[in-house]
$ cat upload.tsv   # TSV, C-alpha atoms
chain	number	residue	atom	x	y	z
M	9	MET	CA	-45.33	46.15	101.43
M	10	ILE	CA	-46.24	47.82	104.72
M	11	PRO	CA	-43.51	50.22	105.88
M	12	THR	CA	-41.71	49.48	109.17
M	13	GLU	CA	-42.80	52.84	110.52
M	14	THR	CA	-46.48	51.85	110.18
M	15	ILE	CA	-46.00	48.41	111.77
M	16	VAL	CA	-44.10	49.85	114.77
M	17	GLY	CA	-46.68	52.63	115.09
M	18	VAL	CA	-49.58	50.17	115.14
M	19	VAL	CA	-47.87	47.84	117.66
M	20	VAL	CA	-46.94	50.70	120.01
M	21	GLY	CA	-50.41	52.20	119.61
M	22	ALA	CA	-51.97	48.85	120.56
M	23	LEU	CA	-49.69	48.64	123.63
M	24	PHE	CA	-50.70	52.14	124.72
M	25	VAL	CA	-54.40	51.37	124.22
M	26	GLY	CA	-53.95	48.16	126.26
M	27	PHE	CA	-52.21	50.17	128.97
M	28	TRP	CA	-55.10	52.65	129.24
M	29	ILE	CA	-57.76	49.91	129.19
M	30	THR	CA	-55.95	48.17	132.08
M	31	SER	CA	-55.54	51.53	133.84
M	32	PHE	CA	-59.25	52.23	133.47
M	33	THR	CA	-60.02	48.77	134.90
M	34	ILE	CA	-57.82	49.42	137.94
M	35	LEU	CA	-59.32	52.88	138.53
M	36	TYR	CA	-62.85	51.52	138.04
M	37	HIS	CA	-62.33	48.81	140.65
M	38	LEU	CA	-60.70	51.17	143.15
M	39	ILE	CA	-63.43	53.81	142.81
M	40	ARG	CA	-66.45	51.52	142.36
M	41	PHE	CA	-65.69	48.85	144.98
M	42	GLY	CA	-63.19	50.60	147.27
M	43	ILE	CA	-64.17	50.95	150.91
M	44	GLY	CA	-62.39	53.38	153.18
M	45	VAL	CA	-59.68	55.88	152.39
M	46	LEU	CA	-56.92	53.59	151.09
M	47	PRO	CA	-58.46	52.79	147.64
M	48	LYS	CA	-59.00	56.50	146.95
M	49	LYS	CA	-55.40	57.34	147.78
M	50	LEU	CA	-54.22	54.43	145.62
M	51	ALA	CA	-56.41	55.63	142.74
M	52	VAL	CA	-54.92	59.14	142.81
M	53	LEU	CA	-51.38	57.80	143.11
M	54	PHE	CA	-51.96	55.37	140.26
M	55	LEU	CA	-53.45	58.03	137.98
M	56	VAL	CA	-50.61	60.50	138.60
M	57	GLY	CA	-47.98	57.79	138.01
M	58	ALA	CA	-49.74	56.43	134.92
M	59	ILE	CA	-50.00	59.89	133.30
M	60	SER	CA	-46.35	60.67	134.14
M	61	LEU	CA	-45.00	57.37	132.80
M	62	PHE	CA	-47.22	57.56	129.72
M	63	THR	CA	-46.00	61.09	128.96
M	64	TRP	CA	-42.38	59.89	129.35
M	65	SER	CA	-43.08	57.01	126.94
M	66	ILE	CA	-44.78	59.26	124.37
M	67	ILE	CA	-41.86	61.71	124.44
M	68	LEU	CA	-39.36	58.85	123.98
M	69	PHE	CA	-41.47	57.37	121.19
M	70	ALA	CA	-41.59	60.74	119.42
M	71	ARG	CA	-37.79	60.89	119.54
M	72	LEU	CA	-37.47	57.51	117.78
M	73	ASP	CA	-36.28	57.45	114.21
M	74	LEU	CA	-38.48	54.60	112.98
M	75	ASN	CA	-36.67	54.28	109.65
M	76	ASN	CA	-33.33	53.69	111.34
M	77	ILE	CA	-33.96	51.54	114.42
M	78	SER	CA	-31.01	50.11	116.37
M	79	LEU	CA	-30.37	49.26	120.02
G	20	MET	CA	-64.08	73.65	147.13
G	21	ILE	CA	-60.61	72.08	147.13
G	22	ARG	CA	-60.89	71.32	150.84
G	23	ARG	CA	-64.25	69.60	150.27
G	24	LEU	CA	-62.74	67.63	147.39
G	25	LEU	CA	-59.80	66.52	149.52
G	26	ASN	CA	-62.18	65.49	152.31
G	27	ILE	CA	-62.90	62.23	150.48
G	28	PHE	CA	-59.45	61.08	151.61
G	29	ASN	CA	-60.32	61.19	155.29
G	30	TYR	CA	-64.12	61.38	155.51
G	31	SER	CA	-65.35	58.07	154.17
G	32	GLU	CA	-63.63	55.64	156.56
G	33	GLY	CA	-66.91	54.75	158.25
G	34	HIS	CA	-69.15	54.61	155.19
G	35	PHE	CA	-69.80	52.00	152.53
G	36	GLN	CA	-72.33	51.25	149.82
G	37	GLY	CA	-75.45	49.51	151.11
G	38	GLN	CA	-75.05	50.82	154.64
G	39	GLU	CA	-78.29	50.66	156.60
G	40	VAL	CA	-79.76	53.48	158.65
G	41	GLY	CA	-78.26	53.42	162.15
G	42	GLU	CA	-75.49	51.06	161.09
G	43	ASN	CA	-72.04	52.08	162.32
G	44	VAL	CA	-68.75	50.65	161.11
G	45	VAL	CA	-66.90	49.21	164.08
G	46	LEU	CA	-63.99	47.60	162.24
G	47	LEU	CA	-62.67	47.82	158.70
G	48	LEU	CA	-60.22	44.97	158.22
G	49	ARG	CA	-57.82	44.11	155.44
G	50	ARG	CA	-55.27	41.36	155.13
G	51	HIS	CA	-52.00	42.08	156.91
G	52	LYS	CA	-49.59	44.24	154.90
G	53	PHE	CA	-47.01	41.46	155.12
G	54	THR	CA	-49.13	39.33	152.76
G	55	VAL	CA	-48.70	41.83	149.92
G	56	LEU	CA	-44.99	42.29	150.64
G	57	PHE	CA	-43.83	39.32	148.56
G	58	PRO	CA	-45.30	40.40	145.20
G	59	LEU	CA	-44.29	44.01	145.87
G	60	SER	CA	-40.71	42.98	146.74
G	61	PHE	CA	-40.52	40.98	143.52
G	62	LEU	CA	-41.71	44.01	141.52
G	63	GLY	CA	-39.21	46.20	143.40
G	64	LEU	CA	-36.42	43.85	142.36
G	65	LEU	CA	-37.61	43.98	138.75
G	66	ALA	CA	-37.71	47.80	138.94
G	67	VAL	CA	-34.07	48.08	140.01
G	68	LEU	CA	-32.93	45.34	137.61
G	69	PRO	CA	-31.87	47.72	134.79
G	70	LEU	CA	-29.92	49.81	137.31
G	71	ALA	CA	-28.34	46.69	138.86
G	72	ILE	CA	-27.24	45.44	135.44
G	73	TRP	CA	-25.63	48.81	134.76
G	74	VAL	CA	-23.87	48.93	138.18
G	75	PHE	CA	-22.61	45.35	138.13
G	76	LEU	CA	-21.57	45.30	134.48
G	77	PRO	CA	-17.91	44.25	134.12
G	78	PRO	CA	-15.58	47.23	133.49
G	79	SER	CA	-14.41	45.55	130.29
G	80	ILE	CA	-17.75	46.36	128.68
G	81	ASP	CA	-17.85	49.98	127.63
G	82	PHE	CA	-21.33	51.13	128.64
G	83	ASP	CA	-22.13	54.80	128.56
G	84	LEU	CA	-25.64	56.05	129.32
G	85	ASN	CA	-25.22	58.93	126.88
G	86	THR	CA	-24.57	56.61	123.95
G	87	LEU	CA	-27.67	54.46	124.50
G	88	SER	CA	-30.15	54.68	121.66
G	89	PRO	CA	-33.63	56.25	122.00
G	90	LEU	CA	-35.07	52.78	121.30
G	91	PHE	CA	-33.46	51.41	124.48
G	92	TRP	CA	-34.96	54.22	126.58
G	93	PHE	CA	-38.35	53.72	124.93
G	94	ILE	CA	-38.36	49.97	125.68
G	95	LEU	CA	-37.30	50.80	129.25
G	96	SER	CA	-40.25	53.19	129.59
G	97	LEU	CA	-42.63	50.45	128.35
G	98	PHE	CA	-41.10	48.09	130.92
G	99	TYR	CA	-41.84	50.59	133.71
G	100	LEU	CA	-45.39	51.15	132.40
G	101	PHE	CA	-45.94	47.39	132.65
G	102	LEU	CA	-44.48	47.27	136.18
G	103	TRP	CA	-46.67	50.20	137.27
G	104	VAL	CA	-49.83	48.43	136.13
G	105	LEU	CA	-48.74	45.16	137.74
G	106	LEU	CA	-47.90	46.91	141.02
G	107	PHE	CA	-51.36	48.47	141.21
G	108	TYR	CA	-53.03	45.23	140.20
G	109	PHE	CA	-51.68	43.67	143.42
G	110	LEU	CA	-52.45	46.79	145.48
G	111	THR	CA	-56.00	46.92	144.09
G	112	LEU	CA	-56.68	43.31	145.05
G	113	TYR	CA	-55.15	43.97	148.47
G	114	SER	CA	-57.26	47.07	149.13
G	115	LEU	CA	-60.53	45.54	147.88
G	116	ASN	CA	-60.34	42.41	150.03
G	117	THR	CA	-62.05	43.74	153.13
G	118	VAL	CA	-64.06	42.64	156.12
G	119	ILE	CA	-66.45	45.22	157.55
G	120	VAL	CA	-67.75	44.69	161.05
G	121	THR	CA	-70.71	46.91	161.86
G	122	ASN	CA	-73.08	46.92	164.82
G	123	HIS	CA	-75.56	44.96	162.66
G	124	ARG	CA	-73.58	42.80	160.23
G	125	ILE	CA	-70.24	41.34	159.25
G	126	ILE	CA	-69.60	41.81	155.52
G	127	GLU	CA	-66.77	40.10	153.67
G	128	ASN	CA	-65.74	41.49	150.27
G	129	GLU	CA	-63.54	39.05	148.41
G	130	GLN	CA	-61.92	40.29	145.20
G	131	ARG	CA	-60.18	37.35	143.52
G	132	ALA	CA	-59.25	39.11	140.27
G	133	PHE	CA	-60.62	41.88	138.07
G	134	PHE	CA	-64.37	41.40	137.59
G	135	SER	CA	-64.37	38.42	139.95
G	136	ARG	CA	-65.95	39.40	143.23
G	137	LYS	CA	-67.80	37.73	146.08
G	138	VAL	CA	-69.66	39.49	148.88
G	139	SER	CA	-70.88	37.53	151.92
G	140	GLU	CA	-72.57	38.84	155.01
G	141	LEU	CA	-74.00	37.59	158.24
G	142	HIS	CA	-75.96	39.29	160.97
G	143	VAL	CA	-74.10	39.61	164.23
G	144	TYR	CA	-77.00	38.19	166.25
G	145	ARG	CA	-76.43	34.86	164.45
G	146	VAL	CA	-72.79	34.65	165.49
G	147	GLN	CA	-72.19	31.95	168.06
G	148	ASP	CA	-68.46	31.51	168.19
G	149	VAL	CA	-65.41	33.45	167.03
G	150	SER	CA	-61.91	32.00	167.07
G	151	ALA	CA	-58.48	33.28	166.01
G	152	HIS	CA	-55.89	30.90	164.57
G	153	THR	CA	-52.23	31.70	164.06
G	154	HIS	CA	-50.24	29.10	162.16
G	155	GLY	CA	-46.47	28.87	162.16
G	156	LEU	CA	-43.45	31.00	162.87
G	157	ILE	CA	-43.98	33.85	160.41
G	158	GLU	CA	-47.61	34.47	161.35
G	159	THR	CA	-46.72	34.42	165.05
G	160	PHE	CA	-43.83	36.88	164.77
G	161	VAL	CA	-45.43	39.20	162.21
G	162	GLY	CA	-48.76	39.08	164.03
G	163	TYR	CA	-51.44	37.93	161.66
G	164	GLY	CA	-53.75	34.93	161.36
G	165	ASP	CA	-57.15	33.61	160.38
G	166	ILE	CA	-60.42	34.39	162.12
G	167	TYR	CA	-63.23	31.84	162.06
G	168	VAL	CA	-66.78	32.96	162.71
G	169	GLN	CA	-69.32	30.22	163.41
G	170	THR	CA	-72.97	31.03	162.90
G	171	ALA	CA	-76.02	29.39	164.43
G	172	GLY	CA	-77.25	26.02	163.25
G	173	SER	CA	-75.66	24.09	160.45
G	174	GLU	CA	-74.73	27.15	158.39
G	175	ARG	CA	-71.23	27.40	157.05
G	176	GLU	CA	-68.35	28.93	158.90
G	177	PHE	CA	-66.93	32.28	157.80
G	178	THR	CA	-63.16	32.53	157.49
G	179	PHE	CA	-61.30	35.83	157.31
G	180	LYS	CA	-57.77	35.06	156.24
G	181	LYS	CA	-54.49	36.73	157.19
G	182	ILE	CA	-55.94	39.46	159.38
G	183	GLY	CA	-53.54	41.49	161.54
G	184	ASN	CA	-53.80	41.14	165.35
G	185	PRO	CA	-56.36	38.31	165.13
G	186	GLU	CA	-56.82	38.01	168.91
G	187	GLU	CA	-57.71	41.70	169.29
G	188	VAL	CA	-60.06	41.51	166.31
G	189	LYS	CA	-61.71	38.38	167.72
G	190	ASP	CA	-62.29	40.17	171.05
G	191	ARG	CA	-63.71	43.19	169.27
G	192	ILE	CA	-66.11	41.04	167.22
G	193	MET	CA	-67.23	39.25	170.40
G	194	GLN	CA	-67.88	42.66	172.00
G	195	VAL	CA	-70.06	43.61	169.02
G	196	VAL	CA	-71.91	40.28	169.22
G	197	SER	CA	-72.47	40.62	172.97
G	198	ALA	CA	-73.64	44.22	172.58
G	199	SER	CA	-76.03	43.13	169.83
G	200	GLN	CA	-77.48	40.36	171.98
G	201	ASP	CA	-77.83	42.73	174.94
G	202	GLY	CA	-79.42	45.37	172.75
G	203	ALA	CA	-76.64	47.85	173.55
G	204	THR	CA	-75.05	50.25	171.06
G	205	ILE	CA	-71.37	49.90	170.29
G	206	LYS	CA	-69.17	52.51	168.65
$ encode --input "upload.tsv" --output "structure tokens"
Amino acid sequence: MIPTETIVGVVVGALFVGFWITSFTILYHLIRFGIGVLPKKLAVLFLVGAISLFTWSIILFARLDLNNISL
Amino acid sequence: MIRRLLNIFNYSEGHFQGQEVGENVVLLLRRHKFTVLFPLSFLGLLAVLPLAIWVFLPPSIDFDLNTLSPLFWFILSLFYLFLWVLLFYFLTLYSLNTVIVTNHRIIENEQRAFFSRKVSELHVYRVQDVSAHTHGLIETFVGYGDIYVQTAGSEREFTFKKIGNPEEVKDRIMQVVSASQDGATIK
């Protein structure tokens, strides 16, 4: 039987990968097709926010006790 | 070096890919900010929802932030990651839907979704008629509307939707068209 820790790790890993694929798509569109100053400012703001929120999530995930999960 | 790097935030207003030699950007138009306000307000409400639940929770329920489990905070962080991506999805679509009026052409970039894009252009010398339409109470008070550009012959009409100050933009486009027909240069 697959341990809970592995299942949660794989699901969260997939969510994080999905987040970065979507983030890349947003940055790609803003940089590749953006005209004027606004898309560049949005791209920087998005990148800073995405890295900050992702770091926060990783820290919180690291603090989880996956063998004893409760809300 | 850093100053040159930061210059991209104020230097490229009048430049775009595919710009011809001697072509100057006269207007760079986007939809009115009011049009993106509804999805952003909805996301704002979702963002304060956890806080609102905490504030308006009945006093009978003992709810202490310090006793919340790490799992709760982790799920909350995932929720905000999702909201962040959704927020910038709307902002990306807003910023990529543009109309560029140059002294040679009018170019419409229409971004419907990710990887779904349409670019149309017409030469200003083919423009015959430009009209601004404002429909209803909200558009009148907020100050945005649609601009219709009719080209020569039986070609289709171009519509630029929800543009701010449509009357001013219409006048500006007509100035560009007149200058083009007279052979004058407009800046």
$ interface_residues --input "upload.tsv" --of "chain G" --to "chain M" --cutoff "10 Å" --atoms "only C-alpha atoms" --output "MDAnalysis selection string"
chainID G and resid 26:36 47 87:101 103:108 110:119 128 130 133:134 136
$ residues_near_point --input "upload.tsv" --point "(-66.3, 41.6, 172.3)" --cutoff "12 Å" --atoms "all atoms listed in the file" --output "mmCIF file with C-alpha atoms, in the frame of the given file"
data_model
loop_
_atom_site.group_PDB
_atom_site.id
_atom_site.type_symbol
_atom_site.label_atom_id
_atom_site.label_comp_id
_atom_site.auth_asym_id
_atom_site.auth_seq_id
_atom_site.Cartn_x
_atom_site.Cartn_y
_atom_site.Cartn_z
ATOM 1 C CA VAL G 45 -66.900 49.210 164.080
ATOM 2 C CA LEU G 46 -63.990 47.600 162.240
ATOM 3 C CA VAL G 120 -67.750 44.690 161.050
ATOM 4 C CA ASN G 122 -73.080 46.920 164.820
ATOM 5 C CA VAL G 143 -74.100 39.610 164.230
ATOM 6 C CA VAL G 146 -72.790 34.650 165.490
ATOM 7 C CA ASP G 148 -68.460 31.510 168.190
ATOM 8 C CA VAL G 149 -65.410 33.450 167.030
ATOM 9 C CA SER G 150 -61.910 32.000 167.070
ATOM 10 C CA GLU G 186 -56.820 38.010 168.910
ATOM 11 C CA GLU G 187 -57.710 41.700 169.290
ATOM 12 C CA VAL G 188 -60.060 41.510 166.310
ATOM 13 C CA LYS G 189 -61.710 38.380 167.720
ATOM 14 C CA ASP G 190 -62.290 40.170 171.050
ATOM 15 C CA ARG G 191 -63.710 43.190 169.270
ATOM 16 C CA ILE G 192 -66.110 41.040 167.220
ATOM 17 C CA MET G 193 -67.230 39.250 170.400
ATOM 18 C CA GLN G 194 -67.880 42.660 172.000
ATOM 19 C CA VAL G 195 -70.060 43.610 169.020
ATOM 20 C CA VAL G 196 -71.910 40.280 169.220
ATOM 21 C CA SER G 197 -72.470 40.620 172.970
ATOM 22 C CA ALA G 198 -73.640 44.220 172.580
ATOM 23 C CA SER G 199 -76.030 43.130 169.830
ATOM 24 C CA GLN G 200 -77.480 40.360 171.980
ATOM 25 C CA ASP G 201 -77.830 42.730 174.940
ATOM 26 C CA ILE G 205 -71.370 49.900 170.290
ATOM 27 C CA LYS G 206 -69.170 52.510 168.650
#
$ axis_aligned_box --input "upload.tsv" --around "range 36-46 of chain M" --padding-each-side "5 Å" --output "lines of an AutoDock Vina configuration file"
center_x = -61.7
center_y = 52.3
center_z = 145.6
size_x = 19.5
size_y = 17.1
size_z = 25.1
$ residues_around --input "upload.tsv" --residues "Lys180 in chain G" --least-positions-apart "5" --cutoff "9 Å" --atoms "only C-alpha atoms" --output "MDAnalysis selection string"
chainID G and resid 50 163:167
$ atom_distance --input "upload.tsv" --atom1 "CA of Met9 in chain M" --atom2 "CA of Val25 in chain M"
25.1 Å
$ atom_distance --input "upload.tsv" --atom1 "CA of Ile72 in chain G" --atom2 "CA of Pro58 in chain G"
21.1 Å
$ closest_residue --input "upload.tsv" --among "G:Gln147, G:Leu76, G:Met20, G:Thr121" --to "Glu176 in chain G" --atoms "only C-alpha atoms"
G:Gln147
